[in-house]
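**Student:** For reference, the structure I am asking about is given below.
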Amino acid sequence: MATHRKRALVTGGAGLIGSHVADLLQREGWTVRILDNLEPQTHRNGKPAWIANDVEFIEGDLRDRETMTAALDEIDVVFHQAAYGGYMPEIAKYVHVNSFGTAQMLEIIREQKLPIKKILVASSQAVYSEGAATCPEHGLVFPEVRPVEQLQAGDWSVHCPICQAVTESTPTHERAPVGGETVYGLTKVDQEKLTLLWGKQIGIPTVALRYSCTYGPRQSIFNPYTGVIAIFCTRLLNNLPPVFYEDGEQTRDFSFVEDIARANLLAAETDRLDGLPVNVGSGRGVSIREIAGLISDALDIRIPPEAKGEFRPGEMRHLTSGTDRIRAAGYEPQVDLPTGIGRYLDWIRQQGDVRDYFSEAAAILRDKGIVHRAKPAGLRR
Ligand SMILES: NC(=O)c1ccc[n+]([C@@H]2O[C@H](COP(=O)([O-])OP(=O)(O)OC[C@H]3O[C@@H](n4cnc5c(N)ncnc54)[C@H](O)[C@@H]3O)[C@@H](O)[C@H]2O)c1
Ligand SMILES: [Zn+2]
């Protein structure tokens with residue numbers, strides 16, 4: 001029996017997911033320490049007001065060995081949420097923060113023989129190359145990432161890897177092949193593989209939670225590179241059209257941030273997920289066009305979305321999380337999309353600055369080759 005309150009380190013605890021994990025753990029009676037460097041892209045106004053006063057807050061960079069060593073002192077469970085995310089132009093920084101940062105954290109724990117009882121690492125659906133699909137002829141298939149040439153010709157569909165027929169999306173389970181088709185995705189693969197492998201070698205239980213697209217209060221409205229719901233909300237509030245990549249019919253699985261926090265608590269408390277990658281999602285695919293419609297409805301602002309045939313090489317077309325594994329351990333998402341979007345909008349309305357940062361970022365992404373445009377011929381369909 002535990003003789004003390006359980007002690008958590010939440011890295012990235014000032015951010016969207018980390019802050020909700022921290023709040024939930026506190027309500028559950030844990031002692032919580034946060035390590036966060038307040039990445040300026042996300043936190044334009046410094047330390048956010050939502051960090052509870054009785055939480056120990058270390059403002060520092062997880063890449064700094066001394067800082068990380070101090071943060072890990074007297075901790076039972078690490079909730080490793082900090083990462084560099086989204087579709088940013090950098091390459092080295094992703095590897096440095098996500099891959100190197102995780103590797104160094106594990107090394108410190110081993111070298112100092114710290115009595116950590118479990119490590120949860122925030123992974124992502126971005127580890128998959130493309131969502132699982134069904135071919136009319138071959139049934140369940142795992143297509144590879146769509147070739148850039150295909151996208152340049154304006155063909156957004158996902159073809160069967162065996163017969164090239166157009167497939168239909170189906171939920172992706174954890175045994176699907178893991179790829180890493182964006183720099184971000186690649187570093188998420190690194191983080192989960194490093195953690196799961198290392199945990200087995202060292203005998204510390206670890207879990208890699210592959211979150212689906214997560215949204216909700218505290219999701220940065222300043223970061224134009226990530227979070228389709230946040231971006232569409234700020235676009236519409238600025239009377240600007242939401243912008244679709246491809247044609248808006250691509251689908252994603254969305255999770256309200258409090259559900260993701262509950263999944264973290266569950267994974268910390270059960271041993272049924274130990275040593276595993278685990279999808280966390282709703283199990284339902286929703287098109288980006290539907291998302292724009294839901295936000296438009298909630299705001300009662302109607303501006304037709306724009307689709308200019310732009311696409312992001314490496315991006316998957318469809319991803320619905322297969323959630324059997326986590327549901328078998330007792331997980332059930334509780335907040336549906338309309339409710340969650342409503343709660344996010346309530347929060348946004350309390351924020352002063354809802355400027356549009358997307359327009360400027362879009363130009364940068366085009367310039368750096370992260371966003372491409374299909375050749376006009378391909379758009380004639
Ligand atoms: N939001 C999503 O849709 C989503 C989906 C899948 C996976 N994830 C993963 O979940 C985790 C949390 O994401 P989020 O949505 O809460 O992002 P977020 O940007 O809101 O939070 C991340 C936090 O980490 C901090 N951070 C970044 N670099 C750091 C560093 N070098 N040292 C210390 N702190 C640092 C940031 O300041 C920020 O507060 C990330 O690992 C992300 O890759 C998020
Ligand atoms: Zn086929």
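By convention in this document, the chains of the structure tokens carry letters A, B, ... by their order, each chain's residues are numbered from 1, and ligands are numbered from 1 in the order they are shown.
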Which of range 258-311 of chain A counts as strand (DSSP E) under DSSP, as a list in words please?

**Tutor:** Pro277, Val278, Asn279, Val280, Val286, Ser287, Glu306, Ala307, Glu310 and Phe311 of chain A

**Student:** Could you pull out the residues sitting within 7 Å of ligand 1, using only C-alpha atoms and all ligand atoms, and write them as a ChimeraX atom specification?

**Tutor:** /A:11-18,35-39,42-43,60-63,81-85,97,122-125,188,210-215,219-220,227

**Student:** For the selection just defined, write its residues with N, CA and C atoms to a file, as a tab-separated table (two decimals), in the first residue's frame.

**Tutor:**
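Now in selection-v3.tsv:
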```
chain	number	residue	atom	x	y	z
A	11	THR	N	5.65	16.75	-17.76
A	11	THR	CA	6.42	17.63	-18.64
A	11	THR	C	5.42	18.26	-19.62
A	12	GLY	N	5.66	19.49	-20.00
A	12	GLY	CA	4.70	20.17	-20.88
A	12	GLY	C	3.40	20.47	-20.16
A	13	GLY	N	3.46	20.58	-18.84
A	13	GLY	CA	2.26	20.74	-18.03
A	13	GLY	C	1.59	22.10	-18.13
A	14	ALA	N	2.20	23.04	-18.87
A	14	ALA	CA	1.53	24.32	-19.09
A	14	ALA	C	0.66	24.26	-20.34
A	15	GLY	N	0.85	23.24	-21.15
A	15	GLY	CA	0.16	23.15	-22.44
A	15	GLY	C	-1.23	22.55	-22.34
A	16	LEU	N	-1.80	22.33	-23.50
A	16	LEU	CA	-3.18	21.85	-23.58
A	16	LEU	C	-3.37	20.56	-22.78
A	17	ILE	N	-2.71	19.51	-23.19
A	17	ILE	CA	-2.96	18.21	-22.57
A	17	ILE	C	-2.34	18.14	-21.18
A	18	GLY	N	-1.07	18.57	-21.08
A	18	GLY	CA	-0.37	18.49	-19.80
A	18	GLY	C	-1.10	19.22	-18.69
A	35	LEU	N	7.14	20.55	-15.45
A	35	LEU	CA	8.33	21.11	-16.12
A	35	LEU	C	7.88	21.61	-17.48
A	36	ASP	N	8.07	22.90	-17.71
A	36	ASP	CA	7.65	23.48	-19.00
A	36	ASP	C	8.50	24.70	-19.27
A	37	ASN	N	8.94	24.86	-20.50
A	37	ASN	CA	9.78	26.02	-20.84
A	37	ASN	C	8.95	27.17	-21.42
A	38	LEU	N	7.62	27.04	-21.40
A	38	LEU	CA	6.73	28.09	-21.92
A	38	LEU	C	7.14	28.50	-23.33
A	39	GLU	N	7.21	27.53	-24.20
A	39	GLU	CA	7.54	27.72	-25.62
A	39	GLU	C	6.76	28.94	-26.17
A	42	THR	N	3.58	28.91	-28.38
A	42	THR	CA	2.34	28.46	-27.74
A	42	THR	C	1.88	29.42	-26.66
A	43	HIS	N	2.86	29.97	-25.93
A	43	HIS	CA	2.51	30.81	-24.77
A	43	HIS	C	2.99	32.23	-25.02
A	60	GLY	N	11.63	25.55	-17.30
A	60	GLY	CA	12.93	25.14	-17.84
A	60	GLY	C	12.76	24.23	-19.03
A	61	ASP	N	13.87	24.01	-19.71
A	61	ASP	CA	13.85	23.23	-20.93
A	61	ASP	C	14.24	21.79	-20.63
A	62	LEU	N	13.42	20.86	-21.09
A	62	LEU	CA	13.68	19.45	-20.81
A	62	LEU	C	14.99	18.97	-21.43
A	63	ARG	N	15.51	19.73	-22.40
A	63	ARG	CA	16.77	19.32	-23.02
A	63	ARG	C	17.96	19.60	-22.12
A	81	GLN	N	4.55	14.83	-21.57
A	81	GLN	CA	3.69	15.46	-22.59
A	81	GLN	C	4.43	16.50	-23.42
A	82	ALA	N	5.53	17.03	-22.91
A	82	ALA	CA	6.20	18.13	-23.63
A	82	ALA	C	6.72	17.64	-24.97
A	83	ALA	N	6.50	18.42	-25.98
A	83	ALA	CA	7.04	18.09	-27.30
A	83	ALA	C	6.94	19.32	-28.18
A	84	TYR	N	7.70	19.27	-29.24
A	84	TYR	CA	7.58	20.26	-30.29
A	84	TYR	C	6.63	19.67	-31.31
A	85	GLY	N	5.54	20.38	-31.62
A	85	GLY	CA	4.50	19.74	-32.42
A	85	GLY	C	4.08	20.52	-33.65
A	97	VAL	N	14.17	18.32	-29.35
A	97	VAL	CA	13.22	18.35	-28.22
A	97	VAL	C	12.61	16.96	-28.02
A	122	ALA	N	3.55	10.72	-24.39
A	122	ALA	CA	2.52	11.19	-25.32
A	122	ALA	C	2.99	10.89	-26.73
A	123	SER	N	2.37	9.88	-27.34
A	123	SER	CA	2.64	9.63	-28.75
A	123	SER	C	1.47	10.19	-29.55
A	124	SER	N	1.33	9.76	-30.77
A	124	SER	CA	0.33	10.39	-31.63
A	124	SER	C	-0.11	9.43	-32.72
A	125	GLN	N	-1.30	9.68	-33.23
A	125	GLN	CA	-1.75	8.98	-34.42
A	125	GLN	C	-0.83	9.28	-35.61
A	188	LYS	N	7.82	11.27	-33.08
A	188	LYS	CA	6.86	10.60	-32.19
A	188	LYS	C	7.14	9.10	-32.18
A	210	ARG	N	-1.11	6.92	-27.99
A	210	ARG	CA	-1.21	7.54	-29.32
A	210	ARG	C	-2.50	8.34	-29.40
A	211	TYR	N	-2.39	9.60	-29.05
A	211	TYR	CA	-3.58	10.47	-29.03
A	211	TYR	C	-4.08	10.74	-30.44
A	212	SER	N	-5.40	10.86	-30.55
A	212	SER	CA	-5.98	11.39	-31.78
A	212	SER	C	-5.96	12.93	-31.67
A	213	CYS	N	-6.50	13.63	-32.67
A	213	CYS	CA	-6.48	15.10	-32.65
A	213	CYS	C	-7.19	15.59	-31.39
A	214	THR	N	-6.47	16.32	-30.59
A	214	THR	CA	-7.00	16.73	-29.30
A	214	THR	C	-7.29	18.23	-29.31
A	215	TYR	N	-8.41	18.59	-28.71
A	215	TYR	CA	-8.79	20.01	-28.72
A	215	TYR	C	-9.50	20.31	-27.41
A	219	GLN	N	-6.22	25.25	-25.57
A	219	GLN	CA	-5.47	25.00	-26.81
A	219	GLN	C	-5.08	26.34	-27.37
A	220	SER	N	-3.79	26.51	-27.59
A	220	SER	CA	-3.26	27.80	-28.00
A	220	SER	C	-4.00	28.36	-29.22
A	227	GLY	N	-3.58	22.22	-34.84
A	227	GLY	CA	-4.89	22.28	-34.21
A	227	GLY	C	-5.95	22.85	-35.13
```

**Student:** Let me have all residues with an atom within 9 Å of ligand 2, counting only C-alpha atoms and all ligand atoms, laid out as a list in words.

**Tutor:**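 Listing the residues within 9 Å of ligand 2 gives Thr134, Cys135, Pro136, Glu137, His138, Gly139, Leu140, Val141, His159, Cys160, Pro161, Ile162, Cys163, Gln164, Ala165, Val166 and Thr167 of chain A.
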
**Student:** Output N, CA and C atoms for every residue in that selection, as a PDB file, in the first residue's frame.

**Tutor:**
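Here's the written file out.pdb:
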```pdb
ATOM      1  N   THR A 134     -10.184  -0.485 -46.348  1.00  0.00           N
ATOM      2  CA  THR A 134     -10.665  -1.730 -46.942  1.00  0.00           C
ATOM      3  C   THR A 134     -10.752  -1.564 -48.453  1.00  0.00           C
ATOM      4  N   CYS A 135     -10.221  -2.585 -49.136  1.00  0.00           N
ATOM      5  CA  CYS A 135     -10.274  -2.662 -50.595  1.00  0.00           C
ATOM      6  C   CYS A 135     -11.454  -3.576 -50.936  1.00  0.00           C
ATOM      7  N   PRO A 136     -12.237  -3.201 -51.963  1.00  0.00           N
ATOM      8  CA  PRO A 136     -13.376  -4.051 -52.333  1.00  0.00           C
ATOM      9  C   PRO A 136     -12.928  -5.495 -52.617  1.00  0.00           C
ATOM     10  N   GLU A 137     -11.697  -5.646 -53.088  1.00  0.00           N
ATOM     11  CA  GLU A 137     -11.189  -6.968 -53.449  1.00  0.00           C
ATOM     12  C   GLU A 137     -10.367  -7.618 -52.336  1.00  0.00           C
ATOM     13  N   HIS A 138      -9.521  -6.830 -51.676  1.00  0.00           N
ATOM     14  CA  HIS A 138      -8.535  -7.410 -50.751  1.00  0.00           C
ATOM     15  C   HIS A 138      -8.843  -7.205 -49.273  1.00  0.00           C
ATOM     16  N   GLY A 139      -9.988  -6.611 -48.976  1.00  0.00           N
ATOM     17  CA  GLY A 139     -10.342  -6.444 -47.564  1.00  0.00           C
ATOM     18  C   GLY A 139      -9.416  -5.463 -46.860  1.00  0.00           C
ATOM     19  N   LEU A 140      -9.064  -5.779 -45.591  1.00  0.00           N
ATOM     20  CA  LEU A 140      -8.249  -4.862 -44.787  1.00  0.00           C
ATOM     21  C   LEU A 140      -6.842  -4.716 -45.363  1.00  0.00           C
ATOM     22  N   VAL A 141      -6.470  -3.472 -45.644  1.00  0.00           N
ATOM     23  CA  VAL A 141      -5.110  -3.203 -46.142  1.00  0.00           C
ATOM     24  C   VAL A 141      -4.525  -2.013 -45.371  1.00  0.00           C
ATOM     25  N   HIS A 159      -5.290   4.496 -52.412  1.00  0.00           N
ATOM     26  CA  HIS A 159      -5.405   3.321 -53.277  1.00  0.00           C
ATOM     27  C   HIS A 159      -4.915   2.067 -52.566  1.00  0.00           C
ATOM     28  N   CYS A 160      -5.489   0.939 -52.954  1.00  0.00           N
ATOM     29  CA  CYS A 160      -5.076  -0.356 -52.404  1.00  0.00           C
ATOM     30  C   CYS A 160      -3.623  -0.624 -52.801  1.00  0.00           C
ATOM     31  N   PRO A 161      -2.789  -1.023 -51.825  1.00  0.00           N
ATOM     32  CA  PRO A 161      -1.384  -1.288 -52.167  1.00  0.00           C
ATOM     33  C   PRO A 161      -1.226  -2.503 -53.090  1.00  0.00           C
ATOM     34  N   ILE A 162      -2.254  -3.349 -53.187  1.00  0.00           N
ATOM     35  CA  ILE A 162      -2.126  -4.547 -54.040  1.00  0.00           C
ATOM     36  C   ILE A 162      -2.681  -4.288 -55.440  1.00  0.00           C
ATOM     37  N   CYS A 163      -3.931  -3.760 -55.525  1.00  0.00           N
ATOM     38  CA  CYS A 163      -4.563  -3.636 -56.856  1.00  0.00           C
ATOM     39  C   CYS A 163      -4.842  -2.194 -57.272  1.00  0.00           C
ATOM     40  N   GLN A 164      -4.470  -1.244 -56.431  1.00  0.00           N
ATOM     41  CA  GLN A 164      -4.638   0.184 -56.755  1.00  0.00           C
ATOM     42  C   GLN A 164      -6.087   0.669 -56.773  1.00  0.00           C
ATOM     43  N   ALA A 165      -7.037  -0.186 -56.405  1.00  0.00           N
ATOM     44  CA  ALA A 165      -8.434   0.271 -56.339  1.00  0.00           C
ATOM     45  C   ALA A 165      -8.558   1.343 -55.251  1.00  0.00           C
ATOM     46  N   VAL A 166      -9.553   2.197 -55.391  1.00  0.00           N
ATOM     47  CA  VAL A 166      -9.801   3.200 -54.362  1.00  0.00           C
ATOM     48  C   VAL A 166     -10.385   2.487 -53.125  1.00  0.00           C
ATOM     49  N   THR A 167      -9.825   2.795 -51.966  1.00  0.00           N
ATOM     50  CA  THR A 167     -10.228   2.102 -50.733  1.00  0.00           C
ATOM     51  C   THR A 167     -11.150   2.972 -49.897  1.00  0.00           C
TER      52      THR A 167
END
```

**Student:** Skipping near chain neighbours, those fewer than 4 positions away, what residues fall within 6 Å of Leu196 in chain A using only C-alpha atoms, listed as a PyMOL selection string?

**Tutor:** chain A and resi 192+206+275

**Student:** Could those residues be written to a file, using C-alpha atoms, as an mmCIF file, in the first residue's frame?

**Tutor:**
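Just written: out21.cif:
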```cif
data_model
loop_
_atom_site.group_PDB
_atom_site.id
_atom_site.type_symbol
_atom_site.label_atom_id
_atom_site.label_comp_id
_atom_site.auth_asym_id
_atom_site.auth_seq_id
_atom_site.Cartn_x
_atom_site.Cartn_y
_atom_site.Cartn_z
ATOM 1 C CA GLU A 192 7.492 5.812 -28.201
ATOM 2 C CA THR A 206 5.911 2.278 -19.794
ATOM 3 C CA GLY A 275 4.599 -2.064 -22.385
#
```

**Student:** Quick one: residues within 9 Å of Ser169 in chain A, only C-alpha atoms, excluding same-chain residues fewer than 6 positions away - as a list of chain:residue names?

**Tutor:**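 Neighbouring residues, sequence-local ones excluded: A:Gly131, A:Ala132, A:Ala133, A:Thr134, A:Val158, A:Thr251, A:Gly285, A:Arg317, A:His318, A:Leu319, A:Thr320.
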
**Student:** For range 52-55 of chain A, work out the shell of residues within 9 Å, counting only C-alpha atoms and skipping chain neighbours fewer than 4 positions away, then give it as a JSON list (two decimals) with N, CA and C atoms, in the first residue's frame.

**Tutor:**
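Result file is around.json:
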```json
[["chain", "number", "residue", "atom", "x", "y", "z"],
["A", 22, "ALA", "N", -2.45, 17.56, -15.29],
["A", 22, "ALA", "CA", -2.03, 18.08, -13.98],
["A", 22, "ALA", "C", -3.26, 18.35, -13.09],
["A", 23, "ASP", "N", -4.27, 18.98, -13.67],
["A", 23, "ASP", "CA", -5.48, 19.29, -12.89],
["A", 23, "ASP", "C", -6.17, 18.02, -12.40],
["A", 26, "GLN", "N", -4.24, 16.31, -9.61],
["A", 26, "GLN", "CA", -4.40, 17.04, -8.35],
["A", 26, "GLN", "C", -5.74, 16.72, -7.69],
["A", 31, "THR", "N", 0.46, 14.57, -5.82],
["A", 31, "THR", "CA", 1.32, 15.74, -5.74],
["A", 31, "THR", "C", 1.92, 15.95, -7.13],
["A", 32, "VAL", "N", 1.77, 17.18, -7.66],
["A", 32, "VAL", "CA", 2.12, 17.39, -9.07],
["A", 32, "VAL", "C", 3.25, 18.41, -9.22],
["A", 33, "ARG", "N", 4.21, 18.04, -10.05],
["A", 33, "ARG", "CA", 5.26, 18.96, -10.46],
["A", 33, "ARG", "C", 5.19, 19.10, -11.98],
["A", 34, "ILE", "N", 5.32, 20.34, -12.44],
["A", 34, "ILE", "CA", 5.30, 20.60, -13.88],
["A", 34, "ILE", "C", 6.69, 21.07, -14.32]]
```

**Student:** At a cut-off of 7 Å, using only C-alpha atoms, what residues contact Ala374 in chain A? Leave out same-chain residues fewer than 3 positions from it and give the result as an MDAnalysis selection string.

**Tutor:** chainID A and resid 151:154 309:310 378

**Student:** Residues within 12 Å of Asp346 in chain A, please, as JSON, numbers by chain. Count only C-alpha atoms; anything in the same chain fewer than 3 positions from it doesn't count.

**Tutor:** {"A": [216, 217, 218, 233, 298, 299, 339, 340, 341, 342, 343, 349, 350, 351]}

**Student:** Atoms to include: C-alpha atoms. Write the selected residues as an mmCIF file, in the first residue's frame.

**Tutor:**
```cif
data_model
loop_
_atom_site.group_PDB
_atom_site.id
_atom_site.type_symbol
_atom_site.label_atom_id
_atom_site.label_comp_id
_atom_site.auth_asym_id
_atom_site.auth_seq_id
_atom_site.Cartn_x
_atom_site.Cartn_y
_atom_site.Cartn_z
ATOM 1 C CA GLY A 216 -10.414 21.987 -25.947
ATOM 2 C CA PRO A 217 -9.974 24.918 -23.571
ATOM 3 C CA ARG A 218 -6.345 26.103 -23.291
ATOM 4 C CA CYS A 233 -12.321 29.054 -34.710
ATOM 5 C CA ALA A 298 -21.778 26.972 -32.984
ATOM 6 C CA LEU A 299 -20.631 30.517 -33.818
ATOM 7 C CA THR A 339 -20.308 19.786 -26.635
ATOM 8 C CA GLY A 340 -16.522 19.978 -26.758
ATOM 9 C CA ILE A 341 -16.491 22.636 -29.465
ATOM 10 C CA GLY A 342 -19.015 24.653 -27.456
ATOM 11 C CA ARG A 343 -16.778 24.483 -24.404
ATOM 12 C CA ARG A 349 -14.491 34.188 -25.841
ATOM 13 C CA GLN A 350 -12.773 34.854 -22.512
ATOM 14 C CA GLN A 351 -9.410 35.358 -24.227
#
```
